[in-house]
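J.: coords_10.cif is the file, holding mmCIF, C-alpha atoms:
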data_structure
loop_
_atom_site.label_atom_id
_atom_site.label_comp_id
_atom_site.auth_asym_id
_atom_site.auth_seq_id
_atom_site.Cartn_x
_atom_site.Cartn_y
_atom_site.Cartn_z
CA MET A 1 -67.53 16.01 21.13
CA PRO A 2 -65.43 17.28 24.02
CA THR A 3 -63.58 13.97 23.79
CA LEU A 4 -62.49 14.67 20.22
CA THR A 5 -61.42 18.22 21.11
CA ALA A 6 -59.41 16.91 24.04
CA PHE A 7 -57.83 14.31 21.79
CA ILE A 8 -56.77 16.91 19.20
CA LYS A 9 -55.43 19.18 21.92
CA SER A 10 -53.41 16.31 23.36
CA LEU A 11 -52.11 15.49 19.89
CA LEU A 12 -51.03 19.09 19.29
CA ILE A 13 -49.35 19.28 22.70
CA ALA A 14 -47.53 16.00 22.05
CA ALA A 15 -46.40 17.24 18.63
CA PHE A 16 -45.21 20.51 20.15
CA ILE A 17 -43.29 18.71 22.88
CA GLY A 18 -41.80 16.38 20.26
CA LEU A 19 -40.67 19.28 18.08
CA VAL A 20 -39.20 21.21 20.99
CA GLY A 21 -37.54 18.06 22.38
CA GLY A 22 -36.11 17.20 18.98
CA GLY A 23 -34.81 20.72 18.55
CA VAL A 24 -33.20 20.68 21.98
CA PHE A 25 -31.59 17.32 21.21
CA ILE A 26 -30.21 18.52 17.85
CA TYR A 27 -28.80 21.72 19.32
CA SER A 28 -27.40 19.91 22.36
CA GLY A 29 -24.80 18.19 20.15
CA LEU A 30 -25.28 14.93 22.02
CA TYR A 31 -25.76 12.76 18.91
CA PRO A 32 -22.42 11.09 17.99
CA ILE A 33 -21.76 12.11 14.38
CA GLY A 34 -18.29 10.54 13.98
CA ALA A 35 -17.97 7.93 11.25
CA ASP A 36 -16.25 5.57 13.67
CA GLU A 37 -19.39 5.15 15.77
CA PRO A 38 -22.33 3.38 14.09
CA HIS A 39 -25.85 4.80 14.08
CA ASN A 40 -28.34 3.37 16.51
CA LYS A 41 -30.88 0.99 14.96
CA LEU A 42 -33.61 3.60 14.64
CA SER A 43 -31.40 6.18 12.91
CA TYR A 44 -29.97 3.50 10.62
CA TRP A 45 -33.42 2.24 9.63
CA LEU A 46 -34.71 5.76 9.03
CA LEU A 47 -31.76 6.77 6.86
CA GLU A 48 -31.62 3.50 4.93
CA THR A 49 -35.33 3.50 4.25
CA LEU A 50 -35.23 7.15 3.19
CA ARG A 51 -32.30 6.42 0.84
CA GLU A 52 -33.73 3.27 -0.73
CA ARG A 53 -37.22 4.65 -1.23
CA SER A 54 -35.86 7.85 -2.74
CA ILE A 55 -33.58 6.00 -5.16
CA ALA A 56 -36.27 3.49 -6.13
CA ARG A 57 -38.71 6.28 -6.97
CA ALA A 58 -36.20 8.43 -8.84
CA ALA A 59 -34.65 5.58 -10.83
CA SER A 60 -37.84 3.79 -11.86
CA ASN A 61 -38.22 5.53 -15.23
CA ILE A 62 -34.62 5.30 -16.42
CA GLN A 63 -34.35 3.68 -19.84
CA ILE A 64 -31.64 0.99 -20.00
CA PRO A 65 -29.71 0.87 -23.30
CA ASP A 66 -30.14 -2.33 -25.32
CA ASN A 67 -26.42 -2.67 -26.02
CA LEU A 68 -25.17 -2.72 -22.42
CA ASN A 69 -23.29 -6.01 -22.71
CA THR A 70 -20.58 -5.15 -25.28
CA SER A 71 -16.79 -5.26 -25.23
CA ASP A 72 -16.52 -1.56 -26.10
CA ARG A 73 -18.55 -0.60 -23.06
CA LEU A 74 -16.55 -2.96 -20.83
CA LEU A 75 -13.27 -1.38 -21.92
CA ALA A 76 -14.46 2.20 -21.56
CA GLY A 77 -16.29 1.57 -18.30
CA GLY A 78 -13.56 -0.62 -16.83
CA ALA A 79 -10.87 2.02 -17.16
CA ASP A 80 -13.12 4.62 -15.54
CA TYR A 81 -14.11 2.23 -12.75
CA ASN A 82 -10.47 1.55 -11.97
CA ASP A 83 -9.63 5.24 -11.81
CA MET A 84 -12.73 6.54 -10.08
CA CYS A 85 -14.38 3.74 -8.09
CA ALA A 86 -11.97 0.93 -7.18
CA GLY A 87 -10.50 2.83 -4.22
CA CYS A 88 -13.82 2.54 -2.37
CA HIS A 89 -15.63 -0.30 -4.16
CA LEU A 90 -12.56 -2.51 -4.54
CA LYS A 91 -11.47 -4.87 -7.30
CA PRO A 92 -10.76 -8.60 -7.66
CA GLY A 93 -8.09 -9.72 -5.20
CA LYS A 94 -8.64 -6.80 -2.83
CA SER A 95 -10.94 -7.18 0.15
CA GLU A 96 -10.51 -3.83 1.90
CA SER A 97 -8.95 -0.38 1.65
CA ASP A 98 -8.59 2.63 3.93
CA PHE A 99 -11.87 3.90 2.48
CA THR A 100 -13.86 0.71 3.08
CA ILE A 101 -12.59 0.63 6.66
CA GLY A 102 -13.02 4.32 7.39
CA LEU A 103 -16.19 5.31 5.57
CA TYR A 104 -19.58 4.93 7.24
CA PRO A 105 -21.68 3.43 5.85
CA SER A 106 -18.96 1.21 4.34
CA PRO A 107 -19.10 1.27 0.52
CA PRO A 108 -20.31 -2.05 -0.98
CA ASN A 109 -17.61 -4.32 -2.41
CA LEU A 110 -18.80 -4.38 -6.01
CA ALA A 111 -16.11 -6.85 -7.04
CA ALA A 112 -17.42 -9.49 -4.67
CA ILE A 113 -21.17 -9.08 -4.89
CA ALA A 114 -23.72 -8.03 -7.43
CA ASP A 115 -25.07 -4.76 -6.07
CA THR A 116 -28.75 -5.57 -5.84
CA HIS A 117 -29.84 -3.36 -2.99
CA GLY A 118 -33.41 -2.29 -3.46
CA SER A 119 -34.06 -5.19 -5.76
CA GLU A 120 -35.66 -8.51 -4.93
CA SER A 121 -33.91 -10.43 -7.69
CA GLY A 122 -31.01 -10.13 -10.08
CA SER A 123 -28.38 -11.73 -7.93
CA ASP A 124 -26.72 -13.76 -10.69
CA GLY A 125 -24.49 -10.89 -11.82
CA ASN A 126 -22.55 -13.14 -14.16
CA LYS A 127 -24.01 -12.34 -17.52
CA GLY A 128 -24.49 -8.68 -18.10
CA GLY A 129 -27.61 -8.85 -20.22
CA ASN A 130 -29.53 -10.87 -17.65
CA ARG A 131 -29.24 -8.61 -14.63
CA ASP A 132 -32.38 -7.33 -13.05
CA GLY A 133 -33.40 -4.04 -14.58
CA THR A 134 -34.18 -2.39 -11.25
CA ALA A 135 -30.64 -2.96 -9.98
CA ILE A 136 -29.19 -1.59 -13.23
CA GLN A 137 -31.40 1.52 -13.09
CA ARG A 138 -30.38 1.96 -9.47
CA GLN A 139 -26.67 1.74 -10.26
CA PHE A 140 -26.98 4.31 -13.04
CA TRP A 141 -28.90 6.71 -10.83
CA ILE A 142 -26.46 6.41 -7.92
CA ILE A 143 -23.40 6.95 -10.12
CA LYS A 144 -25.01 9.94 -11.79
CA HIS A 145 -26.52 11.63 -8.73
CA GLY A 146 -24.48 10.32 -5.80
CA ILE A 147 -25.90 9.93 -2.28
CA LYS A 148 -25.94 12.70 0.30
CA ALA A 149 -23.69 12.32 3.37
CA SER A 150 -22.43 8.91 2.34
CA GLY A 151 -19.17 9.70 0.55
CA MET A 152 -20.69 8.75 -2.83
CA PRO A 153 -20.18 11.68 -5.22
CA ALA A 154 -22.44 12.65 -8.12
CA TRP A 155 -20.52 11.94 -11.33
CA GLY A 156 -23.30 13.36 -13.51
CA PRO A 157 -22.06 16.96 -13.54
CA THR A 158 -18.71 15.93 -15.04
CA HIS A 159 -19.54 12.73 -16.93
CA SER A 160 -21.95 12.11 -19.80
CA ASP A 161 -24.77 9.58 -19.48
CA GLU A 162 -23.02 7.40 -22.04
CA ARG A 163 -19.88 7.28 -19.96
CA ILE A 164 -21.90 6.39 -16.86
CA TRP A 165 -23.68 3.60 -18.76
CA ASN A 166 -20.26 2.20 -19.67
CA MET A 167 -19.43 1.99 -15.96
CA VAL A 168 -22.79 0.33 -15.27
CA ALA A 169 -22.03 -2.18 -18.03
CA PHE A 170 -18.70 -2.96 -16.42
CA LEU A 171 -20.34 -3.43 -13.01
CA GLN A 172 -22.53 -6.23 -14.42
CA ARG A 173 -19.43 -8.29 -15.16
CA LEU A 174 -17.14 -7.18 -12.37
CA PRO A 175 -18.08 -9.84 -9.78
CA SER A 176 -17.17 -12.61 -12.23
CA LEU A 177 -13.76 -11.22 -13.28
CA THR A 178 -10.45 -12.70 -12.17
CA GLU A 179 -7.56 -10.45 -11.15
CA ASP A 180 -5.90 -10.99 -14.54
CA GLN A 181 -9.06 -10.23 -16.48
CA TYR A 182 -9.63 -7.10 -14.42
CA GLN A 183 -6.12 -5.84 -15.04
CA ILE A 184 -6.38 -6.33 -18.79
CA LEU A 185 -9.85 -4.79 -19.08
CA THR A 186 -9.07 -1.72 -17.01
CA ALA A 187 -5.58 -0.85 -18.30
CA ARG A 188 -5.62 2.41 -20.21
CA GLY A 189 -2.08 2.12 -21.50
CA LYS A 190 -1.31 1.06 -25.05
CA LEU A 191 1.09 -1.77 -25.64
CA MET B 1 -10.85 50.41 -8.68
CA LYS B 2 -13.75 48.21 -9.64
CA PHE B 3 -12.36 47.76 -13.16
CA LYS B 4 -8.92 46.85 -11.80
CA LEU B 5 -10.46 43.97 -9.88
CA LEU B 6 -12.73 42.90 -12.70
CA THR B 7 -9.98 41.64 -15.02
CA PRO B 8 -8.27 39.23 -12.62
CA VAL B 9 -11.65 38.00 -11.41
CA LEU B 10 -12.73 37.26 -14.98
CA VAL B 11 -9.40 35.60 -15.82
CA LEU B 12 -9.48 33.43 -12.70
CA SER B 13 -13.10 32.46 -13.34
CA ALA B 14 -12.33 31.50 -16.93
CA MET B 15 -9.31 29.46 -15.83
CA GLY B 16 -11.38 27.75 -13.16
CA ILE B 17 -14.04 26.77 -15.66
CA ALA B 18 -11.44 25.57 -18.16
CA PHE B 19 -9.55 23.43 -15.64
CA SER B 20 -12.68 21.92 -14.13
CA ALA B 21 -13.87 21.01 -17.62
CA GLN B 22 -10.67 19.04 -18.25
CA ALA B 23 -10.61 17.39 -14.83
CA HIS B 24 -12.36 14.18 -15.82
CA ASP B 25 -11.18 13.79 -19.35
CA PRO B 26 -9.88 10.20 -19.66
CA LYS B 27 -6.66 11.67 -21.06
CA GLU B 28 -5.98 13.06 -17.61
CA HIS B 29 -5.63 9.49 -16.37
CA MET B 30 -3.09 8.55 -19.03
CA LYS B 31 -0.15 9.84 -16.99
CA ASP B 32 -0.40 6.86 -14.64
CA ALA B 33 -1.88 4.46 -17.16
CA GLU B 34 -0.87 0.81 -16.83
CA ASN B 35 -0.32 -1.44 -19.82
CA PRO B 36 -2.50 -4.54 -20.03
CA ASN B 37 -0.66 -7.56 -18.68
CA CYS B 38 -1.36 -9.78 -21.65
CA SER B 39 1.09 -12.49 -20.62
CA ALA B 40 -1.77 -13.83 -18.48
CA MET B 41 -3.70 -14.58 -21.67
CA GLU B 42 -0.88 -16.58 -23.21
CA GLY B 43 -1.27 -19.35 -20.64
CA MET B 44 -5.01 -19.74 -21.26
CA ASP B 45 -6.48 -22.60 -23.24
CA HIS B 46 -7.76 -20.71 -26.27
CA SER B 47 -9.95 -23.59 -27.40
CA LYS B 48 -12.03 -23.19 -24.25
CA MET B 49 -12.51 -19.48 -24.65
CA ASP B 50 -15.97 -18.24 -25.56
CA MET B 51 -15.28 -15.71 -28.27
CA ASN B 52 -18.88 -14.49 -28.08
CA ASP B 53 -18.37 -13.38 -24.50
CA PRO B 54 -17.88 -9.59 -24.39
CA VAL B 55 -15.27 -10.00 -21.62
CA MET B 56 -13.18 -12.24 -23.88
CA GLN B 57 -13.70 -9.93 -26.84
CA ALA B 58 -12.56 -6.97 -24.74
CA MET B 59 -9.47 -8.84 -23.58
CA MET B 60 -8.65 -9.78 -27.17
CA THR B 61 -9.03 -6.14 -28.19
CA GLN B 62 -6.62 -5.07 -25.47
CA CYS B 63 -4.09 -7.80 -26.15
CA MET B 64 -4.26 -8.42 -29.88
CA GLU B 65 -1.30 -6.19 -30.60
CA ASN B 66 0.75 -8.01 -27.98
CA MET B 67 -0.35 -11.42 -29.23
CA HIS B 68 0.74 -10.67 -32.79
CA HIS B 69 4.01 -8.98 -31.99
CA GLY B 70 5.07 -10.92 -28.87
CA ASP B 71 8.57 -12.41 -28.72
CA ASP B 72 7.34 -15.97 -28.19
CA GLY B 73 5.47 -15.93 -31.46
CA HIS B 74 2.06 -16.62 -29.91
CA SER B 75 -0.62 -15.75 -32.34
CA MET B 76 -4.36 -16.02 -32.01
CA ASN B 77 -6.75 -16.79 -34.78
CA HIS B 78 -8.62 -13.56 -34.69
CA ASP B 79 -9.75 -10.99 -37.18
CA ASP B 80 -7.45 -7.96 -37.11
CA ALA B 81 -9.97 -5.75 -38.82
CA SER B 82 -12.52 -6.55 -36.16
CA ASP B 83 -10.08 -5.72 -33.42
CA ASN B 84 -9.05 -2.46 -34.99
CA LYS B 85 -12.68 -1.59 -35.25
CA HIS B 86 -13.07 -2.31 -31.53
CA LYS B 87 -10.06 -0.20 -30.66
CA ASP B 88 -11.15 2.68 -32.87
CA SER B 89 -14.61 2.54 -31.42
CA SER B 90 -13.25 2.46 -27.89
CA ALA B 91 -10.92 5.36 -28.54
CA LYS B 92 -13.77 7.25 -30.15
CA GLN B 93 -15.88 6.74 -27.06
CA HIS B 94 -13.11 8.06 -24.86
CA SER B 95 -12.59 11.11 -27.01
CA GLU B 96 -16.30 11.84 -26.96
CA HIS B 97 -16.21 12.35 -23.22
CA LYS B 98 -14.21 15.50 -23.04
CA HIS B 99 -15.66 17.97 -20.61
#
Could the structure of this file be written out as C-alpha coordinates, please?

T.:
Amino acid sequence: MPTLTAFIKSLLIAAFIGLVGGGVFIYSGLYPIGADEPHNKLSYWLLETLRERSIARAASNIQIPDNLNTSDRLLAGGADYNDMCAGCHLKPGKSESDFTIGLYPSPPNLAAIADTHGSESGSDGNKGGNRDGTAIQRQFWIIKHGIKASGMPAWGPTHSDERIWNMVAFLQRLPSLTEDQYQILTARGKL
Amino acid sequence: MKFKLLTPVLVLSAMGIAFSAQAHDPKEHMKDAENPNCSAMEGMDHSKMDMNDPVMQAMMTQCMENMHHGDDGHSMNHDDASDNKHKDSSAKQHSEHKH
(Lines of atoms letter the chains of each structure in order from A and count residues from 1; the text may use other names and numbers.)
(Lines give C-alpha, C1' and ligand atoms only; values in the text may rest on other atoms or scores of the structure.)
Protein backbone atom coordinates (compact mmCIF):
# COMPACT_ATOMS: atom_id res chain seq x y z
CA MET A 1 0.00 0.00 0.00
CA PRO A 2 2.90 2.43 0.33
CA THR A 3 2.77 2.68 -3.46
CA LEU A 4 -0.80 3.99 -3.38
CA THR A 5 0.03 6.46 -0.61
CA ALA A 6 3.03 7.71 -2.57
CA PHE A 7 0.85 8.04 -5.65
CA ILE A 8 -1.78 10.12 -3.82
CA LYS A 9 0.92 12.29 -2.27
CA SER A 10 2.45 12.88 -5.69
CA LEU A 11 -0.98 13.73 -7.07
CA LEU A 12 -1.64 16.24 -4.30
CA ILE A 13 1.79 17.82 -4.75
CA ALA A 14 1.24 18.08 -8.51
CA ALA A 15 -2.19 19.64 -7.96
CA PHE A 16 -0.72 22.11 -5.47
CA ILE A 17 2.08 23.06 -7.85
CA GLY A 18 -0.47 23.43 -10.65
CA LEU A 19 -2.69 25.70 -8.56
CA VAL A 20 0.20 27.84 -7.38
CA GLY A 21 1.68 27.99 -10.89
CA GLY A 22 -1.68 28.93 -12.37
CA GLY A 23 -2.16 31.61 -9.76
CA VAL A 24 1.30 33.04 -10.39
CA PHE A 25 0.62 33.06 -14.14
CA ILE A 26 -2.74 34.84 -13.72
CA TYR A 27 -1.32 37.47 -11.39
CA SER A 28 1.78 37.96 -13.54
CA GLY A 29 -0.36 39.58 -16.26
CA LEU A 30 1.57 37.74 -18.96
CA TYR A 31 -1.49 36.40 -20.80
CA PRO A 32 -2.32 38.71 -23.76
CA ILE A 33 -5.94 39.77 -23.20
CA GLY A 34 -6.25 42.24 -26.11
CA ALA A 35 -8.93 41.43 -28.68
CA ASP A 36 -6.43 41.96 -31.49
CA GLU A 37 -4.37 38.94 -30.48
CA PRO A 38 -6.06 35.53 -30.87
CA HIS A 39 -6.15 32.95 -28.08
CA ASN A 40 -3.73 30.08 -28.26
CA LYS A 41 -5.27 26.78 -29.36
CA LEU A 42 -5.69 25.42 -25.85
CA SER A 43 -7.43 28.53 -24.50
CA TYR A 44 -9.65 28.69 -27.59
CA TRP A 45 -10.66 25.04 -27.29
CA LEU A 46 -11.36 25.37 -23.57
CA LEU A 47 -13.50 28.48 -23.97
CA GLU A 48 -15.36 27.23 -27.04
CA THR A 49 -16.10 23.87 -25.47
CA LEU A 50 -17.23 25.52 -22.25
CA ARG A 51 -19.52 27.88 -24.21
CA GLU A 52 -21.04 25.25 -26.50
CA ARG A 53 -21.63 22.68 -23.77
CA SER A 54 -23.19 25.28 -21.49
CA ILE A 55 -25.53 26.58 -24.20
CA ALA A 56 -26.49 23.07 -25.35
CA ARG A 57 -27.42 22.05 -21.81
CA ALA A 58 -29.30 25.26 -20.98
CA ALA A 59 -31.21 25.45 -24.27
CA SER A 60 -32.25 21.81 -24.56
CA ASN A 61 -35.66 22.22 -22.91
CA ILE A 62 -36.79 25.39 -24.69
CA GLN A 63 -40.17 24.96 -26.35
CA ILE A 64 -40.23 26.27 -29.94
CA PRO A 65 -43.50 27.98 -30.96
CA ASP A 66 -45.45 26.23 -33.73
CA ASN A 67 -46.08 29.45 -35.63
CA LEU A 68 -42.47 30.55 -36.12
CA ASN A 69 -42.66 30.85 -39.90
CA THR A 70 -45.20 33.67 -40.35
CA SER A 71 -45.09 37.06 -42.06
CA ASP A 72 -46.04 38.89 -38.85
CA ARG A 73 -43.05 37.44 -37.04
CA LEU A 74 -40.74 38.24 -39.97
CA LEU A 75 -41.81 41.88 -39.96
CA ALA A 76 -41.54 42.33 -36.21
CA GLY A 77 -38.30 40.39 -35.91
CA GLY A 78 -36.74 41.91 -39.02
CA ALA A 79 -37.09 45.47 -37.79
CA ASP A 80 -35.55 44.54 -34.43
CA TYR A 81 -32.73 42.61 -36.10
CA ASN A 82 -31.88 45.61 -38.25
CA ASP A 83 -31.79 47.95 -35.26
CA MET A 84 -30.13 45.68 -32.72
CA CYS A 85 -28.11 42.99 -34.51
CA ALA A 86 -27.10 43.97 -38.05
CA GLY A 87 -24.16 46.09 -36.88
CA CYS A 88 -22.36 42.96 -35.68
CA HIS A 89 -24.12 40.11 -37.52
CA LEU A 90 -24.41 41.95 -40.85
CA LYS A 91 -27.10 41.95 -43.51
CA PRO A 92 -27.37 40.99 -47.20
CA GLY A 93 -24.84 42.92 -49.28
CA LYS A 94 -22.54 43.66 -46.34
CA SER A 95 -19.59 41.40 -45.63
CA GLU A 96 -17.90 43.21 -42.74
CA SER A 97 -18.20 46.09 -40.29
CA ASP A 98 -15.98 47.69 -37.67
CA PHE A 99 -17.51 45.28 -35.16
CA THR A 100 -16.87 42.11 -37.18
CA ILE A 101 -13.28 43.20 -37.70
CA GLY A 102 -12.63 44.39 -34.15
CA LEU A 103 -14.51 41.95 -31.96
CA TYR A 104 -12.90 38.72 -30.81
CA PRO A 105 -14.29 36.19 -31.31
CA SER A 106 -15.70 37.70 -34.51
CA PRO A 107 -19.53 37.62 -34.50
CA PRO A 108 -20.97 35.13 -37.03
CA ASN A 109 -22.32 36.60 -40.27
CA LEU A 110 -25.93 35.52 -39.91
CA ALA A 111 -26.86 36.90 -43.32
CA ALA A 112 -24.46 34.58 -45.08
CA ILE A 113 -24.75 31.36 -43.12
CA ALA A 114 -27.35 29.52 -41.15
CA ASP A 115 -26.08 29.68 -37.59
CA THR A 116 -25.89 26.01 -36.74
CA HIS A 117 -23.10 25.95 -34.20
CA GLY A 118 -23.65 23.18 -31.73
CA SER A 119 -25.90 21.37 -34.13
CA GLU A 120 -25.02 18.51 -36.43
CA SER A 121 -27.71 19.28 -38.98
CA GLY A 122 -30.07 22.04 -40.01
CA SER A 123 -27.84 23.72 -42.53
CA ASP A 124 -30.53 24.38 -45.14
CA GLY A 125 -31.68 27.63 -43.52
CA ASN A 126 -33.95 28.43 -46.44
CA LYS A 127 -37.35 27.47 -45.19
CA GLY A 128 -38.01 28.60 -41.69
CA GLY A 129 -40.18 25.71 -40.57
CA ASN A 130 -37.59 23.11 -41.51
CA ARG A 131 -34.62 24.32 -39.51
CA ASP A 132 -33.12 22.01 -36.97
CA GLY A 133 -34.73 22.50 -33.60
CA THR A 134 -31.45 22.49 -31.69
CA ALA A 135 -30.12 25.43 -33.68
CA ILE A 136 -33.37 27.34 -33.14
CA GLN A 137 -33.33 26.67 -29.39
CA ARG A 138 -29.70 27.76 -29.33
CA GLN A 139 -30.43 31.03 -31.13
CA PHE A 140 -33.27 31.86 -28.75
CA TRP A 141 -31.14 31.14 -25.70
CA ILE A 142 -28.19 33.20 -26.94
CA ILE A 143 -30.35 36.21 -27.81
CA LYS A 144 -32.11 36.04 -24.46
CA HIS A 145 -29.11 35.38 -22.22
CA GLY A 146 -26.12 36.65 -24.19
CA ILE A 147 -22.61 35.18 -23.84
CA LYS A 148 -20.10 36.31 -21.26
CA ALA A 149 -16.98 38.17 -22.48
CA SER A 150 -17.93 37.85 -26.13
CA GLY A 151 -19.67 41.15 -26.85
CA MET A 152 -23.06 39.39 -27.15
CA PRO A 153 -25.50 41.12 -24.77
CA ALA A 154 -28.46 39.50 -23.01
CA TRP A 155 -31.62 40.95 -24.55
CA GLY A 156 -33.87 39.05 -22.15
CA PRO A 157 -33.96 41.70 -19.42
CA THR A 158 -35.38 44.30 -21.81
CA HIS A 159 -37.22 42.20 -24.40
CA SER A 160 -40.12 39.77 -24.01
CA ASP A 161 -39.78 36.14 -25.09
CA GLU A 162 -42.27 36.81 -27.87
CA ARG A 163 -40.14 39.58 -29.27
CA ILE A 164 -37.05 37.36 -29.13
CA TRP A 165 -38.92 34.57 -30.94
CA ASN A 166 -39.74 37.08 -33.69
CA MET A 167 -36.02 37.71 -34.13
CA VAL A 168 -35.35 33.96 -34.18
CA ALA A 169 -38.04 33.59 -36.85
CA PHE A 170 -36.37 36.27 -38.94
CA LEU A 171 -32.97 34.56 -38.57
CA GLN A 172 -34.36 31.40 -40.21
CA ARG A 173 -35.00 33.33 -43.42
CA LEU A 174 -32.20 35.86 -43.31
CA PRO A 175 -29.57 33.86 -45.25
CA SER A 176 -31.94 33.51 -48.20
CA LEU A 177 -32.97 37.20 -48.43
CA THR A 178 -31.78 39.55 -51.15
CA GLU A 179 -30.77 43.12 -50.32
CA ASP A 180 -34.12 44.42 -51.61
CA GLN A 181 -36.12 41.89 -49.62
CA TYR A 182 -34.13 42.69 -46.50
CA GLN A 183 -34.73 46.41 -46.87
CA ILE A 184 -38.47 45.99 -47.30
CA LEU A 185 -38.85 43.51 -44.43
CA THR A 186 -36.83 45.51 -41.94
CA ALA A 187 -38.08 49.04 -42.67
CA ARG A 188 -40.06 50.40 -39.75
CA GLY A 189 -41.29 53.49 -41.56
CA LYS A 190 -44.80 53.75 -42.93
CA LEU A 191 -45.30 54.72 -46.53
CA MET B 1 -29.64 66.09 6.17
CA LYS B 2 -30.60 62.53 5.40
CA PHE B 3 -34.09 63.61 4.31
CA LYS B 4 -32.66 66.33 2.06
CA LEU B 5 -30.69 63.70 0.16
CA LEU B 6 -33.53 61.20 0.09
CA THR B 7 -35.78 63.17 -2.28
CA PRO B 8 -33.29 63.67 -5.13
CA VAL B 9 -32.11 60.08 -4.77
CA LEU B 10 -35.68 58.81 -5.07
CA VAL B 11 -36.44 61.12 -8.02
CA LEU B 12 -33.27 60.11 -9.86
CA SER B 13 -33.95 56.42 -9.21
CA ALA B 14 -37.51 56.73 -10.51
CA MET B 15 -36.31 58.58 -13.60
CA GLY B 16 -33.64 55.96 -14.20
CA ILE B 17 -36.16 53.15 -14.02
CA ALA B 18 -38.59 55.01 -16.28
CA PHE B 19 -36.00 55.79 -18.95
CA SER B 20 -34.51 52.31 -18.94
CA ALA B 21 -38.00 50.87 -19.35
CA GLN B 22 -38.53 52.92 -22.52
CA ALA B 23 -35.08 52.25 -23.94
CA HIS B 24 -36.03 49.31 -26.13
CA ASP B 25 -39.53 50.23 -27.07
CA PRO B 26 -39.75 49.88 -30.88
CA LYS B 27 -41.12 53.42 -30.96
CA GLU B 28 -37.70 54.61 -29.90
CA HIS B 29 -36.37 53.39 -33.25
CA MET B 30 -38.97 55.31 -35.25
CA LYS B 31 -36.91 58.51 -35.28
CA ASP B 32 -34.51 57.00 -37.81
CA ALA B 33 -37.00 54.65 -39.42
CA GLU B 34 -36.58 54.01 -43.14
CA ASN B 35 -39.51 53.56 -45.48
CA PRO B 36 -39.68 50.26 -47.36
CA ASN B 37 -38.24 50.63 -50.85
CA CYS B 38 -41.18 49.07 -52.64
CA SER B 39 -40.05 50.12 -56.10
CA ALA B 40 -37.93 46.96 -56.04
CA MET B 41 -41.13 44.91 -55.98
CA GLU B 42 -42.58 46.61 -59.02
CA GLY B 43 -39.96 45.06 -61.30
CA MET B 44 -40.64 41.52 -60.07
CA ASP B 45 -42.58 38.98 -62.08
CA HIS B 46 -45.66 38.64 -59.91
CA SER B 47 -46.76 35.44 -61.60
CA LYS B 48 -43.65 33.71 -60.28
CA MET B 49 -44.14 34.87 -56.73
CA ASP B 50 -45.13 32.27 -54.16
CA MET B 51 -47.89 33.99 -52.24
CA ASN B 52 -47.78 31.25 -49.59
CA ASP B 53 -44.21 32.17 -48.71
CA PRO B 54 -44.18 34.22 -45.49
CA VAL B 55 -41.36 36.40 -46.90
CA MET B 56 -43.54 37.34 -49.87
CA GLN B 57 -46.56 37.87 -47.64
CA ALA B 58 -44.50 40.16 -45.39
CA MET B 59 -43.25 42.15 -48.37
CA MET B 60 -46.81 42.51 -49.66
CA THR B 61 -47.91 43.72 -46.23
CA GLN B 62 -45.17 46.34 -46.23
CA CYS B 63 -45.76 47.47 -49.79
CA MET B 64 -49.48 47.07 -50.38
CA GLU B 65 -50.20 50.71 -49.64
CA ASN B 66 -47.51 51.76 -52.09
CA MET B 67 -48.70 49.33 -54.74
CA HIS B 68 -52.26 50.65 -54.61
CA HIS B 69 -51.44 54.32 -54.47
CA GLY B 70 -48.27 54.43 -56.59
CA ASP B 71 -48.03 56.96 -59.42
CA ASP B 72 -47.45 54.34 -62.10
CA GLY B 73 -50.74 52.68 -61.35
CA HIS B 74 -49.23 49.29 -60.48
CA SER B 75 -51.73 47.25 -58.62
CA MET B 76 -51.45 43.75 -57.26
CA ASN B 77 -54.23 41.27 -57.01
CA HIS B 78 -54.25 40.95 -53.29
CA ASP B 79 -56.80 41.05 -50.55
CA ASP B 80 -56.76 44.41 -48.78
CA ALA B 81 -58.56 43.09 -45.76
CA SER B 82 -55.92 40.42 -45.33
CA ASP B 83 -53.16 42.97 -45.54
CA ASN B 84 -54.79 45.30 -43.07
CA LYS B 85 -55.12 42.39 -40.75
CA HIS B 86 -51.39 41.71 -41.14
CA LYS B 87 -50.52 45.33 -40.49
CA ASP B 88 -52.81 45.58 -37.48
CA SER B 89 -51.41 42.39 -36.10
CA SER B 90 -47.86 43.56 -36.65
CA ALA B 91 -48.54 46.92 -35.05
CA LYS B 92 -50.22 45.15 -32.16
CA GLN B 93 -47.17 43.00 -31.65
CA HIS B 94 -44.95 46.06 -31.57
CA SER B 95 -47.16 47.84 -29.09
CA GLU B 96 -47.18 44.80 -26.85
CA HIS B 97 -43.44 45.08 -26.33
CA LYS B 98 -43.31 48.24 -24.33
CA HIS B 99 -40.95 47.96 -21.41

J.: What would the selection look like, as a PyMOL selection string, if the PyMOL selection byres ((chain B) within 6 of (chain A)) were run on the coordinates I just shared?

T.: chain B and resi 33-37+54+57-58+90

J.: By how many Å are CA of Met49 in chain B and CA of Ser95 in chain A apart?

T.: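 Straight-line distance from CA of Met49 in chain B to CA of Ser95 in chain A works out to 27.7 Å.
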
J.: In Å, rounded to a single decimal, give me how far CA of Tyr44 in chain A is from CA of Tyr31 in chain A.

T.: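 CA of Tyr31 in chain A sits 13.1 Å away from CA of Tyr44 in chain A.
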
J.: Could you check the closest approach to Met64 in chain B for each of B:Glu42, B:Asp50, B:Asp25, B:Asp32 and tell me which residue wins, using all atoms listed in the file?

T.: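 Ranked by minimum distance to Met64 in chain B, first place goes to B:Glu42.
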
J.: Quick one, how far is CA of Trp141 in chain A from CA of Pro38 in chain A?

T.: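 Pair CA of Trp141 in chain A / CA of Pro38 in chain A returns 26.0 Å.
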